Every structure is written in structure tokens, then in C-alpha cells.
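Novice: Quick one: this structure, given as C-alpha cells, is what I'll be asking you about.
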Protein chains: 2
Amino acid sequence: MNLKQLAQHLGISQTTVSRALNGYPEVSEATRKRVLDAAQALDYAPNARAKGLATGRAMAIGHVIPISTQHEMVNPVFGDFIAGASEAYLAAGYDLTLSMTNDDDEADNYRRLKSKGNVDGIIVHGPKMRDGRIPFLRRLGLPFVVHGRASEVDEPYSWVDVNNARSFRRATEFLLDFGHRRIALVNGLETMDFAFRRRHGYEDALTARGLAADPALMTGQEMTEPNGYADAARMLALENPPTAFLTSSVISAIGVRRAIHEAGLEMGRDVSVITHDDDLSYLRNGPDLPMFTALRSSVREAGRRAADMLLRLIAEPRETPETALLEAQLIIGASTGPAPR
Amino acid sequence: MNLKQLAQHLGISQTTVSRALNGYPEVSEATRKRVLDAAQALDYAPNARAKGLATGRAMAIGHVIPISTQHEMVNPVFGDFIAGASEAYLAAGYDLTLSMTNDDDEADNYRRLKSKGNVDGIIVHGPKMRDGRIPFLRRLGLPFVVHGRASEVDEPYSWVDVNNARSFRRATEFLLDFGHRRIALVNGLETMDFAFRRRHGYEDALTARGLAADPALMTGQEMTEPNGYADAARMLALENPPTAFLTSSVISAIGVRRAIHEAGLEMGRDVSVITHDDDLSYLRNGPDLPMFTALRSSVREAGRRAADMLLRLIAEPRETPETALLEAQLIIGASTGPAPR
DNA sequence: GCTCGGACCCGAAGCGCTTTGGACGCCCCG
DNA sequence: CGGGGCGTCCAAAGCGCTTCGGGTCCGAGC
């Protein structure tokens, strides 16, 4: 069923049918109703490709998600982020096309996406420090919003990010207030911008109290359970082990918890743990009683915000980019307590 | 830059340029080279929409992923599944478009996808028992492959699935051989087909040894950490608690492990745990020494297989559907041991 | 009574590509 | 020497939609 057939069926021109369907004023309410009813009854939906060709808009957003080449690792937050973004797309009638690339040939990917003309805008995932994609996309002229930020990129661009430095500073201060002095940081890969910011928040808090960060208590790896476990196990075996851990994801925190248990210690009493918490749907940190004290910021919400922002940007292009800085909530759970003495 | 401009630039017809780019024989090698070089230099890529309009093929695959409405939960395996599928799409030049729906209006979604004409085929996620989507898609006439199977659907269809019944039977037998008699099953939602099959595998193994499944030791919920924890905690508090757990995901298993620890018991000595393991990239079950004894079957591999199958189906439509039954590997980790006496 | 402006509708061009149905040389063979 | 065949290339139609530039009809205004 296509427009032509529908028009013939109704005995009116394609033009009128098209206008009726798209809400143009120059068609009487009577015929509009007839058209809409017929479309419904005959299960007609306009061909998206043809429509895109004619209008020049693709009605689709591209998400390019980099897969860490070393570890073939998919960031576990994508599912929830995209679920949030989808809500916005659904409401606006946009589709979502996904392309995965190993971090190397991403630029190529963007260029293709643009010249193939099947997206109107892009969400950039996993920004690194000095991320080259940002100047590149600006030159391409395709609207985009970054999930996160890229330090040391001075061009303006739109982003949605959580205040990583601030939340890790707060968490560190919280632990310091509890008397902890040996605080470990189990971070994500330091090439990632968020990890960089988190470390700075952590170090700032320490410095402000006249403490120096101990390199032996800081790691930055892919945020997996085994990595969290291994890092924590190693640190707990030190001569002067940490009494508290700060982790960058619930998954790492679970590994840390395992190491704590295996060392014969109890989390929340002997060793405290605070984690960043993306509020993933399948890793809820205890809806009732949180198992981890956490800095919570819903990545699903971030997805929604980023998508909304991008759609706005597409609808009305503007010079000055939009930005949104989300604050994480510090949620007290069972994993923290005063430093043992 | 479009075909017309490229053709003008080269001083040849659009026809010839098109043919040169698409590898048709009726163009001399000399001109083909000229065309390809120019395309490269001018960064030309054909407009996908126009190409789709002309050829009738969208060069895109749709993934419709249902979001559990009750729990707003995104299945954590999607990331890895899609990463696997993407490898196949990338190689074949296909795009991937994603749509998320709450399970209710999925049918509507498929119909739209088809009539909008922007996918050539569909991967169906999260099949339920008696899943209505399968007959529906067959009638739609759009090629599709199901990730999983749907019991009590007698029409033929293509699928890729892991042998859930068999692997849970094996796991149960393994525990029985170790002397366990009180074996709990922490399953996924029983509306999901895989959960249904797993329970049957489990029950079959028990029955074969003359044991009856105890309803108090079986649960079926969304597979989250808190759910695994709560279920295990409740069961361990029973008068006659289980000495072993069978869980449907590593995430549930982590919750179970927490409950075991909190009950003052040790996993692998006092209580055994075997889990299904999708081999997710961010939840690797110990590459070296697995923390859980597990039935491992890479969901990423499943994605690759399903995508390959679908592409084949699109290329050469056939009557008899293709199917692939993957066998999970039983991997011995630190979480199992003989039943305590 | 005639014109003029809305309200409503239509024909046809055009979006960027593929593909059908030739056209034009050139060589080879009878 | 003429014609068939092959190797190259081209013009134009068509994919399904939007939209520009009118057309027609009717009631209001002079």
C-alpha cells in the first residue's frame, strides 16, 4: 500500500492525501477525516525512505558506540542510556540507528553516516580526553550531543554529563569525615574523561585536608567484577592497607566486596565502600536498603536528557551549544562506617 | 556530493558511474578506476535512502527489544548480543536500527517497521511462551530470526537458542552427583520461554533420581542482584534450607552469593552455586579461575549467529527455516563442592 | 453584475539513486 | 565488404514521497 494507491482508492490526488496526513491546513476537515480513516483501515504508513528523500530529513538519530578493542568490552550502561533516549525518540517519531565500531575508525563511521544521509544527528558515547571526534563532528556540520565531556577540547559543543569531580570529592570528604585516611580509588580507564575527572575530585579532597594521594591505592582499568576484585585484593594485602574504597561502578564495587570478604573482613565495619551508581535497571543498588553507599545518577535519565537536547538542536539549530550538568545524589547504604582504629 | 555531481565532474553519465561503483561488468577497468579514485578523493558515499528507494532494499536490520513494563528493565545481555550481531552487519554493509517498546504494542511496531520500509529483516528478542509475535511476523512476510524459542508455537520459524533444558539438567545432575538433595532454582520470569525450559531441565533431573521439586525452592523473577539476594536469603532461612543453588544469570548469582555470606556460610563449601553465564564482557566470570561454576554460552556468539542466519535468509529466501541450538559448556569454578553432611 | 480573495484541491517536478532498453564503434568472420 | 557480436557507454523511467505553482468554485464586497 502506497500513497498513490491510497489516493486512487479515495478518488483524490496524492497531494491532498499527503497534506491530509501531515496536518496541513489547506484541506477540509471532512476529507482529512476520510483520509485518516482510510489510512488506518488499510494499514498505510508512509515509506520512510521516500519521505526522507523528499524532505531531506532522515528522522533518525545515530548512536555510535565504541567497543574497547583491547577488551572487546561493551559498556554496560548503553542499554539503559538508550532506553532513556528511546523514550524521547518515540515521542518525536524518530528512529534510532546503532553502529558499533572499534575506537579506531570511528571518524570514518561518522563521515559515512552523514554522507549516506540516514541520520539527522548523533549521540557521541564514551568521550576521551582531548577527544578528536568533537572537532571532527563540528566540521562535518552534523548536530551532535556528547554523553560526557572531553577535557582539553576548547571548542564549544553540547553535552550531558554528571558532575564527576564534585561527586567524587564529596564521597572522599564523606570518608575523611568518618576518619578514614587510607582511601583507595578503583577507577575506570584513565583515557576516559570521566575517570580523569573522578580522580581529580578524589585528589582535591585529599589535598584539601593535607593528605597526599598514594599511587599504590589508585588503579584505573575496565570496570569489571574481576578487575575490581583483583585490585582490591592486591591493596588489602599491602602492609598498610586501605580502610575504604571508592569505586567507579557498581560492578567494580561487587568485585571489591568479594575481595573484602575473602580477606576475612566485613564491608561497612572493617572496610568502607562508596561507589558511583548509574542506577542500572538490572543492578539496582537495593531499592529499599542500598547495599552500597553510592553516588547515584540515573544513566537512563541522562539518555533522555541527551536525546531531548539533540532533538531540540535539530529542530532549531543555534550557535551556542546547550549543556546539562547532572548532580549525583549521595545515598547512604550499608557499606560505610567509621574508620576502624 | 551526489552521483550527478560526481558524474559531471568526471564527464561521464550517471549510469556508468553507478555501475562502476557497484561492480557491474559493463564498464572498462580504466574508467572504473577513474571513478573509484574520484569517489575516494571527493569523499562520495551514495545516499542510503535514495539507494534504498531505487533498489527496494533497506540494507538495515531491525532489532525490536521489549522493555519489561512492570520493572522498566532492560535485559543486560542486549549490549553483547548486539555487539556480536554488529560484526555480521558491518561485514555485509547492513545498518542496525533499534526500537524499544513496552511489550504491549510490539506488534504495531513490527507493522510500522515493515510498511515504513526501513528494514529488510528483524531479530526478535526475548520470546515468551506461545509468543504471538511469531505467527504475526510470518503473516507479515518479513524475514526474521528469533533469539530463543517459543514453546507451543507450532509454525516453523528460524531461531538461535542455547539448549536451556539440557544445560540445566546437566547442572542439576552435577549437583546431585555431589550429594546435594535440596537444590534451589533461582530462575528468570516464567513468562519467558528460556525460564520455562530451564525449570523443566531442572525438574527432569530431579525426577530421574526419584526426587520431587520443592516449590519452596523455586522462584522466577527478573534477574537482578537484589532479587537473587532476597530469594536466597529467604530460602536459607527455611527450616530445611537448600545446600545448592542453580541461578539463571551471573547477576542473580552475585545476589545469591551475598545472601550466603550474610548467613555466615561459605560458598563452595557450605553452599554450592551453579549459574548460567552469558559470558558478558563486563561480567566475566573469572577468565582464569571462574568464581562460579557455570553453564557458559556466549551471547555475543549467539548474536553473531543470529545475524548471519538472518542475512542468509534475506539473501536467499527459503521455505524451511534454519535453526541453531548452541550447547552451553559446563565450567567448573570455585562455587561448587560436595554437599555438607 | 463583476471582481477578488479564500478555501480546497490538483498536476507535475524533484529528491538521488538503479536499471531497462538501446546506441555507437570496432573487430572478426564468412 | 557487410553484418553479427562484443565491449562501452548513455538517456530516461521509475522508486514513493513532498511541495511549488497554479486551477476551480463560491460567497462577499463594491
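Following the order of the C-alpha cells, first chain is A, next is B, and so on, with residues numbered from 1 inside each chain and ligands from 1 in the order they appear.
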Return as a tab-separated table the residues of chain C lying at most 7 Å from chain A, together with the closest atom-to-atom pair for each and the distance in Å to one decimal, counting only C-alpha atoms (C1' of nucleotides), with rows in chain order and ascending residue number.
Specialist:
```
residue	atom	partner	partner_atom	distance
C:DC8	C1'	A:Val27	CA	6.0
C:DC9	C1'	A:Thr16	CA	6.8
C:DC10	C1'	A:Ser13	CA	6.4
C:DC15	C1'	A:Ala54	CA	4.7
```
Novice: For a quick test of understanding: name the residues of chain D lying within 7 Å of chain A when counting only C-alpha atoms (C1' of nucleotides), and present them as a list in words.
Specialist: DG16, DC17 and DT18 of chain D
Novice: Write the residues of the selection above to a file with N, CA and C atoms (P, O5', C5', C4', C3', O3' and C1' of nucleotides), as a short mmCIF file (atom, residue, chain, number, x, y, z; two decimals), in the first residue's frame.
Specialist:
```
data_model
loop_
_atom_site.label_atom_id
_atom_site.label_comp_id
_atom_site.auth_asym_id
_atom_site.auth_seq_id
_atom_site.Cartn_x
_atom_site.Cartn_y
_atom_site.Cartn_z
P DG D 16 6.92 2.11 -4.90
"O5'" DG D 16 6.74 3.34 -3.92
"C5'" DG D 16 7.39 3.34 -2.67
"C4'" DG D 16 7.29 4.72 -2.06
"C3'" DG D 16 5.86 5.27 -1.94
"O3'" DG D 16 5.71 5.77 -0.63
"C1'" DG D 16 7.24 6.83 -3.02
P DC D 17 4.36 6.41 -0.12
"O5'" DC D 17 4.75 7.95 -0.09
"C5'" DC D 17 5.47 8.45 1.01
"C4'" DC D 17 6.27 9.67 0.61
"C3'" DC D 17 5.55 10.99 0.68
"O3'" DC D 17 5.71 11.52 1.99
"C1'" DC D 17 7.01 10.85 -1.21
P DT D 18 4.85 12.81 2.37
"O5'" DT D 18 5.65 13.97 1.64
"C5'" DT D 18 6.89 14.40 2.18
"C4'" DT D 18 7.42 15.58 1.39
"C3'" DT D 18 6.67 16.90 1.62
"O3'" DT D 18 7.66 17.93 1.67
"C1'" DT D 18 6.67 16.38 -0.68
#
```
Novice: Can you tell me, as a count of residues only, which residues in range 2-82 of chain A count as alpha helix (DSSP H) by DSSP?
Specialist: 42
Novice: Residues at most 12 Å from Phe174 in chain A, counting only C-alpha atoms (C1' of nucleotides), excluding those fewer than 3 positions away in the same chain, as a ChimeraX atom specification?
Specialist: /A:167-171,177-181,183,202,205-206,244-246,272-274,293-295,330-332,336-339
Novice: At a cut-off of 12 Å, using only C-alpha atoms (C1' of nucleotides), what residues contact DC30 in chain D? Leave out same-chain residues fewer than 3 positions from it and give the result as a ChimeraX atom specification.
Specialist: /C:1-4
Novice: For N, CA, C and O atoms (P, O5', C5', C4', C3', O3' and C1' of nucleotides), I'd like the residues from the last selection saved as an mmCIF file, in the first residue's frame.
Specialist:
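Resulting contents of out18.cif:
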```cif
data_model
loop_
_atom_site.group_PDB
_atom_site.id
_atom_site.type_symbol
_atom_site.label_atom_id
_atom_site.label_comp_id
_atom_site.auth_asym_id
_atom_site.auth_seq_id
_atom_site.Cartn_x
_atom_site.Cartn_y
_atom_site.Cartn_z
ATOM 1 P P DG C 1 -27.496 40.642 -12.695
ATOM 2 O "O5'" DG C 1 -26.145 41.490 -12.854
ATOM 3 C "C5'" DG C 1 -25.908 42.300 -14.008
ATOM 4 C "C4'" DG C 1 -24.427 42.569 -14.073
ATOM 5 C "C3'" DG C 1 -23.563 41.334 -14.342
ATOM 6 O "O3'" DG C 1 -22.430 41.757 -15.070
ATOM 7 C "C1'" DG C 1 -23.078 42.120 -12.178
ATOM 8 P P DC C 2 -21.475 40.682 -15.727
ATOM 9 O "O5'" DC C 2 -20.105 41.129 -15.051
ATOM 10 C "C5'" DC C 2 -19.823 42.512 -14.846
ATOM 11 C "C4'" DC C 2 -18.686 42.618 -13.854
ATOM 12 C "C3'" DC C 2 -17.629 41.521 -13.988
ATOM 13 O "O3'" DC C 2 -16.346 42.105 -14.068
ATOM 14 C "C1'" DC C 2 -18.408 41.656 -11.756
ATOM 15 P P DT C 3 -15.060 41.140 -14.334
ATOM 16 O "O5'" DT C 3 -14.250 41.421 -12.987
ATOM 17 C "C5'" DT C 3 -14.178 42.754 -12.464
ATOM 18 C "C4'" DT C 3 -13.755 42.699 -11.011
ATOM 19 C "C3'" DT C 3 -12.505 41.857 -10.756
ATOM 20 O "O3'" DT C 3 -11.682 42.558 -9.836
ATOM 21 C "C1'" DT C 3 -14.256 41.102 -9.386
ATOM 22 P P DC C 4 -10.129 42.209 -9.736
ATOM 23 O "O5'" DC C 4 -9.904 42.107 -8.172
ATOM 24 C "C5'" DC C 4 -10.946 42.483 -7.287
ATOM 25 C "C4'" DC C 4 -10.859 41.664 -6.012
ATOM 26 C "C3'" DC C 4 -9.590 40.811 -5.875
ATOM 27 O "O3'" DC C 4 -9.152 40.858 -4.535
ATOM 28 C "C1'" DC C 4 -11.485 39.414 -5.747
#
```
Novice: Provide as a ChimeraX atom specification the residues of chain A at most 9 Å from chain B, counting only C-alpha atoms.
Specialist: /A:1-2,43-50,52-53,58,67,71-80,82-83,86-87,90,95-101,111-112,115-118,222-226,251,254,258,261,280-287
